[in-house]
Amino acid sequence: MLDWLSNLFPVLVVVVGFWSVRRALRQPLWAEAWRRLKANRLALIALSVIGVYALVGFCDSIAWRNDKNANSLSLIDRAFSRPAEPTYSAPLANKTFGEPTPRALQGRHLLGTDGTGQDVVYLTLKGCRTALIIGGFTLLIATPLALLLGMLAGYFGKRVDDAVQYTYTVLDSIPNILLLIAMLLVLGRGLPQLCVALGITSWVGLCRLARGETLKHREREYVRAARALGISHGRILMHHILPNLLPIIVISVTLGFSGLVLSEAILSYLQLGVAAGTGSWGNMIDASRLELARDPVIWWNLAAASAALFILVLAFNLFGDALRDAIDPRLNS
Amino acid sequence: MALLKVENLRTTIRTRNGLSRPVDGVSFEVEAGQTLAIVGESGCGKSMTALSLLQLVPEPAGRIQSGHVWFEGRDLLGLTWEEMRPLRGRDMAMIFQEPMTSLNPTLTVGQQIIESMTVHRTARGKEAHRRALESLERVGVRATAMKQYPHELSGGMRQRVMIAMALVNRPKFLIADEPTTALDVTVQAQILSLISELQKETGMAVLLITHDLGVVSEVADKVAVMYAGQIVESASARELFAKPLHPYTQALLASLPSRSRRGRDLATLEGRVPEATAWPAACRFEQRCLHRFAACALHAPKEAPPEASHPARCHLYDPQFNTTKVAAQPLVTRPSRIGTNTDGDSGSAAQTGQQGSRALVEVRGLTKDFPVRGSILTRAQYQRAVDDVNFSIPRGRTLALVGESGSGKSTVGLMILDLLDPTGGEILLDGRPVSARRGPDRFALRRQMQIVFQDPYASLNARMTVREMLHEALGVHSIGTKGEDRENRAGALLEDVGLSRSALDRYPHQFSGGQRQRIAIARALSVNPKFIVLDEPTSALDVSVQSQILNLLRRLQQEHDLTYLFITHNLGVVDYFADEVAVMQRGKIVEYGEANTLFDAPQQDYTRNLLSAVPTVVQ
Amino acid sequence: MLRYLLRRVLYAVPVLLGVSLATFILFYGIFPPEQIARRNLSAKNPTSQQIQEWLVAHDYNHPLPQQFKKHMTELMLLRFGRSDSTGEEIWTRIKTGAGPSTIIAGLVFTASLATRLFFALWSAYFRATYVDTWITLVSVFLMSVVYIVLVIAGQYLMGKVLRLFPLAGYQSGWTAFRFAVLPVIIGVISGLGGGTRLFRTFMLEEMNQDYVRTARAKGVPESRILFVHVLKNAAIPIITSTVLAIPALMLGSLVLESFFGIPGLGSYTVDAINAQDFAVVRAMVFLGTLLYIAGAILTDVCYALADPRIRLE
Ligand SMILES: Nc1ncnc2c1ncn2[C@@H]1O[C@H](COP(=O)(O)OP(=O)(O)O)[C@@H](O)[C@H]1O
Ligand code: SF4
Ligand SMILES: [Mg+2]
């Protein structure tokens, strides 16, 4: 029963995602942006890379148990269901690494194994889901909140604006990292906690942006014309202003995603990342600090995790840039 | 020998939609001491022509492809950027349309004028300072402005500073690209006469770029009419206005609103300038020309056909194509007449001028204060934007509210529509106060009053189709039944404003400025209002499009018995359109009365100044 | 000017009140002192007796309203009290840590600003050439590298393989700079990509303004247009974005200091996290906020000095 629910969720996310993209592409702004994106090879490569990561994350989210008492295993777990090696082994080696008397391995590992004998490719793939959840869910928490408060503040001004501005000024004057530390110390380690904490620190920028843009649009003549027609404030906000804010929000969310994924690595270093059992690149990188000090060095753990992270973040940065150019040619000089 | 001689200039710009050719074979000459005006609608390539002369086309997309620019016998197009630099600002200077943004906001006026001299080593130190002061004084800016920043000066003052900066090196040639378009009429008149005076003193040549035929007729010696990247007609100013040959020039002149055309439709110029990426192959004006005939779509006209008394790019003057000899005499585009009014002046007055009919809109003692600055810690200060304004508009008539920018006209309009709360005073619609209404009553009010704004780009929501806009308006007021009925109504509205039903599915960016203004009017009409505030509805449009909109507004007024409050700073339009006029100055109404009497015998100095500043075409 | 400063400082008071309220909710509401005690006591299942003793020892044994009053007043008076884990006076550690932290952060800050400006100016001057393309590309690459990896790899490469600088540690006095070199270089590189790109955008935006066209029409040389006209205007958004970089600077110090064993406020905070020392974290949050607000005020003043359109009234 629970398996069903937890599998339904990723499917739902994918379906809703596809549906909104398809709907958006019917509008000329997005259709035009897509036409320009298609002409940009780098953007397409970046998008495919993001797609591959998303696919891995999706496969890792589809999980079920073999029998009642067993752990639930995802598609990725099943693909790598080999018994663990005893300890470290170098990429493609056939013996364990760094032991006085190296033992034979049970199989070959493209990127070697870590201290507990787990395949590094497998660990790296496990990190995808964590990274995507941290980026995606945080934004899922932060974006609606930021939009709601920002638009209300910008549109109604006065008291509402004062309240919203005060709230985010207070939050904003605590340096993000310290606020994160404080919250995570209190909430404890874990994926949901991380999303909530990152959500709280990242809605402020978006809210400021939404408020500023709403302020601008409120004074535009099309809003005045709508008011002269007697259209309600709610409808003006939802049907007139929101669609005009979307492009800038989409750009900032895309570029914000990479920042969130990077934060996870730093928080892991501070021992505030996801719990040790959850596969995450941050934890892998953190663990590799000691490995580099060994002689001969164990580099593959660090290399695999940081490369995976680097490629995803780079893809998001490149795609975000291309999207910005495609949506608003004026920003591109 | 001419000071500047341009031959067959071609400039291209790479764009997303292909290669754009804003300047496509332009030739002209300017003598020392002369003023040549280039006129035409926006998008015809006037600015790009000017920038090409100084080789300032946008980098790296822009390129001057071919041609010659002879200046004092040297071909400037053969010079490199660095060889060209000493000429810019020393021998050839340029001023731009936007005085607000064309000066560096972080440098003082003095620094910017002195820089003009130091980069060319024409003066240094104390000498440069002295000459900067001198030139400021000459353009009528006080000496203290030397230490001020541009934002501390008004628009007119900034344009004067631009002129001082351009002329401080005593250039032989001045290019002025729409130098007065962003300014009020009174300021425009001052700037234009300043340029003429300076020209007489120094003997420099001036290339004036403008879309305002009135300005041309006041200051130009020679005129070149530009259309779609080419010069289509050129002549001395006197000859051009007396005997315009090209159908484009004729249409531009005939579309000017004036009192003599009151009550009649203005001649219009349908359609718009084609895109610079796809100029038509034969006659570029063919799609919009009232005189076109078979040959026009096949052959490009010659620059100066044999039967034209001055160059006019049109087959009508070419016996090779035009065998009917229509053009033996110059063509005149006759404005057509509509409606039953034969007497332009008394028509609308006769309709509604009955004694005792109650005013539809009445404004009493209307006042508005805006907080100038106010935060939690400082006491708020107020500025009175509207000060005790009174007027009334009889049913079916038009009251024009005129005045310089910032005089409070739009604020009055917004308060009447209940979009802005008045500080004091009363607004009556049909004898009942507007602001006293609450709830559903207030909502019902929305159906009776509507507004059309100046900027056709900002007044339509870019993310909604025309259908969505019209259906929303109908839906909010439950007009008609959902579905087919509303669809029909929306279609009928579009047809009423001269658009086709196919426009329903399109988004605003797919329309030209004039078409957008029509959509805005259709949206206002959708709820069947009795009263419409027209807030500068034609100020952002070219004259040719302005006449279309004015014709439309006039027809709608008659057909739907509408009452207008027409807010504008364009007195030509008022003279043509309004029944009554209220002149506003710094929030107050200084003169108010019947249009003809007020224009014939203005009582206030302010009104007289305003009237005398309007440049008019002497034909 | 003075009045403006005063107003600005006064405006900080409600914000600081809000911050201390937020920390109260976090540290007393969501995570009550009993739990702090539980986490700090080494025994697996501390008795209620032990917990009570711990609470008394650390001054947490008051009813909520009193605790609230105490919390607010002490924070506002900058009395941070004692560490939860070591019992040490927090201020003494802040005093000893401030020196090294200031040196590292100050050096990173100035060196970052200089390098970013340098590359952004290059990029803008050679815009639309391969120089610009490369600078932009390398910037995006740098932006995508994880900070931690940069630190780890940087330390490994420069300290261990090339043996140029001491790997970690700190000494006061002039030798401090020897130890600061490595962390500062890494701190600068980590922000270089994003910063350069941002500054470049600001400059190119100014390049498209009308006044640049005016300057060209006046015959001003391109170099002067960039270094005088454009730079003066671009300075305004650059200053604003610099204050946004202050929190990032703190983050940088946090990781850099603890990694390189520099006994500054950053390492102190990281140690506190590991020791579950809530009192120290609370103090650091408040101190960080104070520094941030001070930075913001400073920025506003610089901003107004750079932009003649703004007057400090
Ligand atoms: N920077 C530019 N990039 C692309 N096209 C441009 C640019 N500037 C002008 N154009 C095109 O050149 C044509 C003429 O423009 P312009 O010279 O500004 O006309 P005018 O001054 O007569 O209004 C227009 O169709 C416009 O689209
Ligand atoms: S050539 Fe033909 S279409 Fe062109 S302007 Fe003359 S008459 Fe009109
Ligand atoms: Mg122009």
# chains A, B, ... in the order shown; residues from 1 in each chain; ligands from 1
call {"tool": "residues_near_ligand", "arguments": {"ligand": "ligand 2", "cutoff": "8 Å", "atoms": "only C-alpha atoms and all ligand atoms", "output": "MDAnalysis selection string"}}
result
chainID B and resid 246:248 283:293 295:297 300:301 313:316
call {"tool": "select_by_dssp", "arguments": {"residues": "segment 167-237 of chain C", "states": "helix (DSSP H, G or I)", "output": "JSON, numbers by chain"}}
result
{"C": [176, 177, 178, 179, 180, 181, 182, 183, 184, 185, 186, 187, 188, 189, 190, 191, 192, 193, 194, 195, 196, 197, 198, 199, 200, 201, 202, 203, 204, 205, 206, 207, 210, 211, 212, 213, 214, 215, 216, 217, 222, 223, 224, 225, 226, 227, 228, 229, 230, 231, 232, 233, 234, 235, 236, 237]}
call {"tool": "residues_near_ligand", "arguments": {"ligand": "ligand 3", "cutoff": "7 Å", "atoms": "only C-alpha atoms and all ligand atoms", "output": "PyMOL selection string"}}
result
chain B and resi 42+46-47+177-178
call {"tool": "residues_near_ligand", "arguments": {"ligand": "ligand 1", "cutoff": "10 Å", "atoms": "only C-alpha atoms and all ligand atoms", "output": "NGL selection string"}}
result
:B and (11-23 or 38-52 or 57-62 or 177-178 or 209-211 or 226-229 or 273-279)
call {"tool": "closest_atom_pairs", "arguments": {"of": "chain C", "to": "chain B", "cutoff": "7 Å", "atoms": "only C-alpha atoms", "output": "tab-separated table"}}
result
residue	atom	partner	partner_atom	distance
C:Asp210	CA	B:Ser102	CA	4.8
C:Tyr211	CA	B:Ser102	CA	4.2
C:Thr214	CA	B:Ser102	CA	6.1
C:Ala217	CA	B:Arg88	CA	5.5
C:Lys218	CA	B:Gly89	CA	3.9
C:Gly219	CA	B:Arg88	CA	4.7
C:Val220	CA	B:Val119	CA	6.0
C:Lys232	CA	B:Thr106	CA	6.7
C:Asn233	CA	B:Thr106	CA	6.4
C:Asp307	CA	B:Thr106	CA	6.3
C:Pro308	CA	B:Thr106	CA	6.1
C:Arg309	CA	B:His151	CA	6.6
call {"tool": "write_last_selection", "arguments": {"atoms": "C-alpha atoms", "output": "PDB file, in the first residue's frame"}}
result
ATOM      1  CA  ASP C 210      22.174  56.330 -24.605  1.00  0.00           C
ATOM      2  CA  TYR C 211      24.902  58.346 -22.914  1.00  0.00           C
ATOM      3  CA  THR C 214      26.487  60.503 -26.919  1.00  0.00           C
ATOM      4  CA  ALA C 217      29.294  61.034 -31.053  1.00  0.00           C
ATOM      5  CA  LYS C 218      31.496  63.457 -29.112  1.00  0.00           C
ATOM      6  CA  GLY C 219      34.591  61.583 -30.195  1.00  0.00           C
ATOM      7  CA  VAL C 220      35.545  60.158 -26.801  1.00  0.00           C
ATOM      8  CA  LYS C 232      31.401  55.195 -13.010  1.00  0.00           C
ATOM      9  CA  ASN C 233      27.855  54.090 -13.726  1.00  0.00           C
ATOM     10  CA  ASP C 307      25.234  57.890  -7.442  1.00  0.00           C
ATOM     11  CA  PRO C 308      24.561  61.611  -7.551  1.00  0.00           C
ATOM     12  CA  ARG C 309      20.864  60.912  -8.081  1.00  0.00           C
TER      13      ARG C 309
END
call {"tool": "residues_around", "arguments": {"residues": "segment 264-275 of chain A", "least_positions_apart": "2", "cutoff": "6 Å", "atoms": "only C-alpha atoms", "output": "VMD selection string"}}
result
chain A and resid 189 to 191 261 to 262 277 to 278 282 to 283 286
call {"tool": "write_last_selection", "arguments": {"atoms": "C-alpha atoms", "output": "CSV table (one decimal), in the first residue's frame"}}
result
chain,number,residue,atom,x,y,z
A,189,ARG,CA,19.8,16.1,9.9
A,190,GLY,CA,17.7,14.7,7.1
A,191,LEU,CA,16.4,15.3,3.7
A,261,VAL,CA,22.5,21.7,-5.1
A,262,LEU,CA,25.8,23.3,-4.2
A,277,GLY,CA,22.8,6.6,5.1
A,278,THR,CA,21.3,8.6,2.3
A,282,GLY,CA,28.1,16.1,-0.4
A,283,ASN,CA,28.6,13.1,1.9
A,286,ASP,CA,33.1,15.0,2.8
call {"tool": "closest_atom_pairs", "arguments": {"of": "chain A", "to": "chain B", "cutoff": "10 Å", "atoms": "only C-alpha atoms", "output": "Markdown table"}}
result
| residue | atom | partner | partner_atom | distance |
| --- | --- | --- | --- | --- |
| A:Gln27 | CA | B:Arg463 | CA | 8.2 |
| A:Pro28 | CA | B:Tyr507 | CA | 8.0 |
| A:Leu29 | CA | B:Arg463 | CA | 7.9 |
| A:Arg36 | CA | B:Arg16 | CA | 9.5 |
| A:His217 | CA | B:Ala458 | CA | 9.4 |
| A:Glu219 | CA | B:Ala458 | CA | 9.8 |
| A:Arg220 | CA | B:Ala458 | CA | 6.1 |
| A:Glu221 | CA | B:Ser459 | CA | 4.5 |
| A:Tyr222 | CA | B:Ser459 | CA | 4.0 |
| A:Val223 | CA | B:Ser459 | CA | 7.7 |
| A:Arg224 | CA | B:Leu419 | CA | 7.4 |
| A:Ala225 | CA | B:Ile451 | CA | 6.8 |
| A:Ala226 | CA | B:Ala473 | CA | 8.2 |
| A:Arg227 | CA | B:Leu419 | CA | 7.3 |
| A:Ala228 | CA | B:Arg446 | CA | 6.1 |
| A:Leu229 | CA | B:Arg446 | CA | 5.6 |
| A:Gly230 | CA | B:Arg446 | CA | 5.7 |
| A:Ile231 | CA | B:Val476 | CA | 6.5 |
| A:Ser232 | CA | B:Val476 | CA | 8.7 |
| A:His239 | CA | B:Met464 | CA | 8.7 |
| A:His240 | CA | B:Asn461 | CA | 6.7 |
| A:Ile241 | CA | B:Asn461 | CA | 8.6 |
| A:Leu242 | CA | B:Arg463 | CA | 9.6 |
| A:Pro243 | CA | B:Arg463 | CA | 6.4 |
| A:Asn244 | CA | B:Arg463 | CA | 6.5 |
| A:Pro329 | CA | B:Arg16 | CA | 9.6 |
call {"tool": "closest_residue", "arguments": {"among": "A:Asp321, A:Asp114, A:Glu99, A:Asp3", "to": "chain C", "atoms": "only C-alpha atoms"}}
result
A:Asp321
call {"tool": "residues_around", "arguments": {"residues": "Val250 of chain A", "least_positions_apart": "4", "cutoff": "9 Å", "atoms": "only C-alpha atoms", "output": "list in words"}}
result
Leu245, Leu246, Thr254, Leu255, Gly320, Leu323 and Arg324 of chain A
call {"tool": "select_by_dssp", "arguments": {"residues": "segment 112-291 of chain B", "states": "strand (DSSP E or B)", "output": "PyMOL selection string"}}
result
chain B and resi 173-177+205-210+222-227+230-236
call {"tool": "interface_residues", "arguments": {"of": "chain C", "to": "chain A", "cutoff": "9 Å", "atoms": "only C-alpha atoms", "output": "PDB file with C-alpha atoms, in the first residue's frame"}}
result
ATOM      1  CA  PRO C  14      13.276  46.696  14.833  1.00  0.00           C
ATOM      2  CA  VAL C  15      15.146  44.361  12.515  1.00  0.00           C
ATOM      3  CA  LEU C  16      17.462  43.255  15.312  1.00  0.00           C
ATOM      4  CA  LEU C  17      14.452  42.766  17.579  1.00  0.00           C
ATOM      5  CA  GLY C  18      12.924  40.592  14.897  1.00  0.00           C
ATOM      6  CA  VAL C  19      16.093  38.573  14.575  1.00  0.00           C
ATOM      7  CA  ALA C  22      13.322  34.513  15.500  1.00  0.00           C
ATOM      8  CA  THR C  23      16.240  32.980  17.356  1.00  0.00           C
ATOM      9  CA  LEU C  26      14.038  28.556  17.106  1.00  0.00           C
ATOM     10  CA  PHE C  27      16.054  27.813  20.224  1.00  0.00           C
ATOM     11  CA  ILE C  30      11.011  24.574  18.488  1.00  0.00           C
ATOM     12  CA  PHE C  31      13.899  23.070  20.382  1.00  0.00           C
ATOM     13  CA  VAL C 140      30.516  29.573 -15.863  1.00  0.00           C
ATOM     14  CA  PHE C 141      32.828  26.634 -15.262  1.00  0.00           C
ATOM     15  CA  MET C 143      30.637  28.916 -10.918  1.00  0.00           C
ATOM     16  CA  SER C 144      29.750  25.266 -11.247  1.00  0.00           C
ATOM     17  CA  VAL C 145      32.601  23.913  -9.146  1.00  0.00           C
ATOM     18  CA  VAL C 146      31.644  23.002  -5.606  1.00  0.00           C
ATOM     19  CA  TYR C 147      33.326  25.182  -3.062  1.00  0.00           C
ATOM     20  CA  ILE C 148      34.371  22.255  -0.954  1.00  0.00           C
ATOM     21  CA  VAL C 149      36.021  20.504  -3.846  1.00  0.00           C
ATOM     22  CA  ILE C 152      40.085  20.146  -0.914  1.00  0.00           C
ATOM     23  CA  ALA C 153      41.707  20.080  -4.322  1.00  0.00           C
ATOM     24  CA  TYR C 156      46.024  19.100  -2.038  1.00  0.00           C
ATOM     25  CA  THR C 201      26.679  42.058 -17.179  1.00  0.00           C
ATOM     26  CA  LEU C 204      27.554  45.618 -20.806  1.00  0.00           C
ATOM     27  CA  GLU C 205      24.195  46.931 -19.654  1.00  0.00           C
ATOM     28  CA  ASN C 208      23.949  49.948 -24.223  1.00  0.00           C
ATOM     29  CA  ILE C 246      28.990  39.624   2.438  1.00  0.00           C
ATOM     30  CA  PRO C 247      26.983  36.582   3.583  1.00  0.00           C
ATOM     31  CA  ALA C 248      28.845  34.507   1.021  1.00  0.00           C
ATOM     32  CA  MET C 250      30.966  34.577   5.937  1.00  0.00           C
ATOM     33  CA  LEU C 251      30.158  31.219   4.505  1.00  0.00           C
ATOM     34  CA  LEU C 254      33.377  29.344   7.894  1.00  0.00           C
ATOM     35  CA  VAL C 255      34.622  26.617   5.636  1.00  0.00           C
ATOM     36  CA  THR C 269      31.174  28.231  14.817  1.00  0.00           C
ATOM     37  CA  VAL C 270      31.984  24.951  13.109  1.00  0.00           C
ATOM     38  CA  ILE C 273      28.053  22.844  15.508  1.00  0.00           C
ATOM     39  CA  ASN C 274      29.967  19.673  16.132  1.00  0.00           C
ATOM     40  CA  GLN C 276      25.941  20.903  19.683  1.00  0.00           C
ATOM     41  CA  PHE C 278      23.547  26.146  21.005  1.00  0.00           C
ATOM     42  CA  VAL C 281      25.536  29.278  17.536  1.00  0.00           C
ATOM     43  CA  ARG C 282      22.910  31.681  18.882  1.00  0.00           C
ATOM     44  CA  MET C 284      27.143  33.854  16.191  1.00  0.00           C
ATOM     45  CA  VAL C 285      23.807  34.256  14.438  1.00  0.00           C
ATOM     46  CA  PHE C 286      23.247  37.515  16.224  1.00  0.00           C
ATOM     47  CA  GLY C 288      26.632  37.800  11.991  1.00  0.00           C
ATOM     48  CA  THR C 289      23.414  39.739  11.651  1.00  0.00           C
ATOM     49  CA  LEU C 290      24.980  42.778  13.289  1.00  0.00           C
ATOM     50  CA  TYR C 292      25.603  42.198   7.980  1.00  0.00           C
ATOM     51  CA  ILE C 293      23.444  45.150   8.916  1.00  0.00           C
ATOM     52  CA  ALA C 296      24.363  47.106   4.496  1.00  0.00           C
TER      53      ALA C 296
END
call {"tool": "residues_around", "arguments": {"residues": "Glu362 of chain B", "least_positions_apart": "2", "cutoff": "8 Å", "atoms": "only C-alpha atoms", "output": "PyMOL selection string"}}
result
chain B and resi 359-360+364+390-393+427-429+431
call {"tool": "residues_around", "arguments": {"residues": "Ala304 of chain C", "least_positions_apart": "2", "cutoff": "12 Å", "atoms": "only C-alpha atoms", "output": "ChimeraX atom specification"}}
result
/B:106 /C:1,4-5,235-237,239-240,297-302,306-313
call {"tool": "write_last_selection", "arguments": {"atoms": "C-alpha atoms", "output": "compact mmCIF listing (two decimals), in the first residue's frame"}}
result
# COMPACT_ATOMS: atom_id res chain seq x y z
CA THR B 106 27.20 60.38 -12.89
CA MET C 1 24.50 62.69 6.05
CA TYR C 4 20.68 59.74 7.33
CA LEU C 5 23.11 57.53 9.20
CA ALA C 235 29.98 51.10 -9.91
CA ILE C 236 26.47 51.62 -8.60
CA PRO C 237 25.14 48.07 -9.14
CA ILE C 239 28.46 48.26 -4.89
CA THR C 240 24.99 46.86 -4.27
CA ILE C 297 24.47 50.58 6.02
CA LEU C 298 27.99 51.06 4.74
CA THR C 299 26.85 50.00 1.30
CA ASP C 300 24.00 52.45 1.29
CA VAL C 301 26.40 55.23 2.13
CA CYS C 302 28.84 54.20 -0.61
CA ALA C 306 28.62 56.90 -6.08
CA ASP C 307 25.23 57.89 -7.44
CA PRO C 308 24.56 61.61 -7.55
CA ARG C 309 20.86 60.91 -8.08
CA ILE C 310 20.53 59.73 -4.50
CA ARG C 311 20.73 62.23 -1.72
CA LEU C 312 21.23 61.24 1.89
CA GLU C 313 18.45 63.14 3.52
call {"tool": "residues_around", "arguments": {"residues": "Arg65 of chain A", "least_positions_apart": "2", "cutoff": "12 Å", "atoms": "only C-alpha atoms", "output": "PyMOL selection string"}}
result
chain A and resi 1-4+6-7+62-63+67-75+77-78
call {"tool": "atom_distance", "arguments": {"atom1": "atom CA of Ala111 of chain C", "atom2": "atom CA of Val181 of chain C"}}
result
11.2 Å
